[in-house]
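Please read the structure below before turning to the comments.
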Amino acid sequence: MASQHLAIRRQEIIRNLANVRQRIEAIVEGKYEARLVAISKLKPMSDIRIAYEDGQRHFGENYVQELVEKSKELPLDIQWHFVGPLQSNKCKMLAAIPNLWAVETIDSQNKADLMNKVCASRESPLRIFVQVNTSREESKNGVSPEECITVLNHVQDNCPKLQLVGLMTIGAPNRDPKEPNPDFILLKNLRAQFQEAREIELELSMGMSDDFEEALKLDATNVRVGSAIFGARPPKH
């Protein structure tokens, strides 16, 4: 029964991955590279192995301890993204993961400074995205849009162990679907401001299972897709 269940699960994940990849390609049409990050939080390692065997390499996790455990057991060429709220006391644990590809949730100058400090022993700078609270929700982390450029400049000028690669937003779930996503548009505008001032082009990490296609149409380069690949997540106890 276990092997039969695994075979069914394998078919499901491979089918879902193919569907998501096709939907991405239908929008980007080879014009630019869009990275698919498979969000695997609370999913068993067997699910990640199935996606890995189907060629997926970028995976995202929300909980530091879970990421530490998975990174020890799974192939070293997986490129891990940390996409959850970043707690100061967990930065050192994160920095110790050798195949941590990026932290997408730097949400203050203080967190940037701390991450820069704990990355001192890493061979190469750690890629980071600055998270922006574009929807200004109290329940969400991220720098305010007004603070964003200041934080970007700070990372670029004062954090040699960090490689500033992009901006990230989650955005508001309850909005008019007939209107362009204001969170995505705001992130694009912030990127343009920084590029004009510093001549540095940043990536845009935006779009999840429900809205990654809209994000791609607004120039997302990094989409974070979980349930459309792995199905609904179980509740975290």
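Numbering starts fresh at 1 for the residues of each chain in the structure tokens, the chains themselves are lettered A, B, ... in the order given, and ligands are numbered from 1 as they appear.
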
Requested in this report: Identify, with DSSP run on backbone atoms, the residues in range 1-121 of chain A assigned to helix (DSSP H, G or I), and express the list as a PyMOL selection string.
Outcome: chain A and resi 2-28+45-53+64-73+88-95+109-118

Under the rule of at most 6 Å, produce a per-residue listing of range 35-106 of chain A near range 116-140 of chain A: chain, number, name, the closest pair of atoms, and the distance in Å, as JSON lines, using only C-alpha atoms.
```
{"residue": "A:Lys92", "atom": "CA", "partner": "A:Val118", "partner_atom": "CA", "distance": 5.5}
{"residue": "A:Ala95", "atom": "CA", "partner": "A:Cys119", "partner_atom": "CA", "distance": 5.7}
{"residue": "A:Ala102", "atom": "CA", "partner": "A:Arg127", "partner_atom": "CA", "distance": 4.6}
{"residue": "A:Val103", "atom": "CA", "partner": "A:Ile128", "partner_atom": "CA", "distance": 4.8}
{"residue": "A:Glu104", "atom": "CA", "partner": "A:Phe129", "partner_atom": "CA", "distance": 4.4}
{"residue": "A:Thr105", "atom": "CA", "partner": "A:Gln131", "partner_atom": "CA", "distance": 5.0}
{"residue": "A:Ile106", "atom": "CA", "partner": "A:Val130", "partner_atom": "CA", "distance": 4.8}
```

Requested in this report: With a distance cut-off of 7 Å and only C-alpha atoms, select the neighbouring residues of Ile39 in chain A, excluding the residue or stretch itself and same-chain residues fewer than 4 positions from it, and output the selection as a count of residues only.
Outcome: 6

Requested in this report: Please provide the set of residues having any atom within 12 Å of Asp210 in chain A, restricted to only C-alpha atoms, with same-chain residues fewer than 5 positions apart removed, written as an MDAnalysis selection string.
Outcome: chainID A and resid 20 170:174 177 215 223:229

Same residues, C-alpha atoms, output as a CSV table (one decimal), in the first residue's frame:
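Result file follows (part.csv):
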```
chain,number,residue,atom,x,y,z
A,20,VAL,CA,3.0,25.1,-13.5
A,170,ILE,CA,3.5,38.8,-0.5
A,171,GLY,CA,0.7,41.3,-1.2
A,172,ALA,CA,-2.9,41.5,-0.1
A,173,PRO,CA,-5.2,38.5,-0.8
A,174,ASN,CA,-8.5,40.4,-0.7
A,177,PRO,CA,-9.4,40.6,-9.3
A,215,ALA,CA,3.0,38.4,-11.4
A,223,VAL,CA,7.6,33.0,-8.3
A,224,ARG,CA,6.9,31.0,-5.1
A,225,VAL,CA,4.5,28.2,-5.8
A,226,GLY,CA,3.4,25.7,-3.2
A,227,SER,CA,-0.1,24.3,-3.2
A,228,ALA,CA,-0.3,24.3,-7.0
A,229,ILE,CA,2.5,21.7,-6.9
```

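Taking only C-alpha atoms into account, Leu216 in chain A lies nearest to A:Asn181 out of the set A:Asn141, A:Gln4, A:Asn19, A:Asn181.
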
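If only C-alpha atoms are the atoms counted, then among A:Asp176, A:Asp77, A:Glu66, A:Glu53 the closest residue to Leu100 in chain A is A:Asp77.
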
Requested in this report: Would you kindly return, as a PyMOL selection string, each protein, DNA or RNA residue with an atom no farther than 7 Å from any atom of Ala51 in chain A, considering only C-alpha atoms and excluding same-chain residues fewer than 5 positions away?
Outcome: chain A and resi 13-14+56

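Counting only C-alpha atoms and comparing A:Met115, A:Val28, A:Ser205, A:Asn189, the residue that lies closest to Leu162 in chain A is A:Met115.
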
Requested in this report: Write out as an NGL selection string which residues come within 12 Å of Lys41 in chain A when counting only C-alpha atoms, dropping same-chain ones fewer than 5 positions away.
Outcome: :A and (47-48 or 59-70 or 80-84 or 224-227 or 229-236)

Query - Spatial neighbours of Cys159 in chain A, max dist 8 Å, only C-alpha atoms, sep filter under 3 positions, as a list in words - result: Ala112, Asp113, Asn116, His154, Val155, Gln156 and Leu162 of chain A

Prev. selection, N, CA and C atoms, output as a short mmCIF file (atom, residue, chain, number, x, y, z; two decimals), in the first residue's frame:
```
data_model
loop_
_atom_site.label_atom_id
_atom_site.label_comp_id
_atom_site.auth_asym_id
_atom_site.auth_seq_id
_atom_site.Cartn_x
_atom_site.Cartn_y
_atom_site.Cartn_z
N ALA A 112 19.44 43.00 8.14
CA ALA A 112 20.50 42.95 7.12
C ALA A 112 21.88 42.95 7.79
N ASP A 113 22.06 43.83 8.76
CA ASP A 113 23.35 43.90 9.46
C ASP A 113 23.66 42.60 10.19
N ASN A 116 24.47 39.89 7.67
CA ASN A 116 25.81 40.16 7.15
C ASN A 116 26.88 39.66 8.13
N HIS A 154 21.44 50.76 2.02
CA HIS A 154 22.22 50.30 3.18
C HIS A 154 22.84 48.94 2.90
N VAL A 155 22.05 48.01 2.38
CA VAL A 155 22.57 46.67 2.09
C VAL A 155 23.68 46.76 1.04
N GLN A 156 23.42 47.50 -0.01
CA GLN A 156 24.40 47.61 -1.09
C GLN A 156 25.72 48.22 -0.62
N LEU A 162 26.57 40.13 1.93
CA LEU A 162 25.25 39.91 1.34
C LEU A 162 25.28 40.39 -0.11
#
```
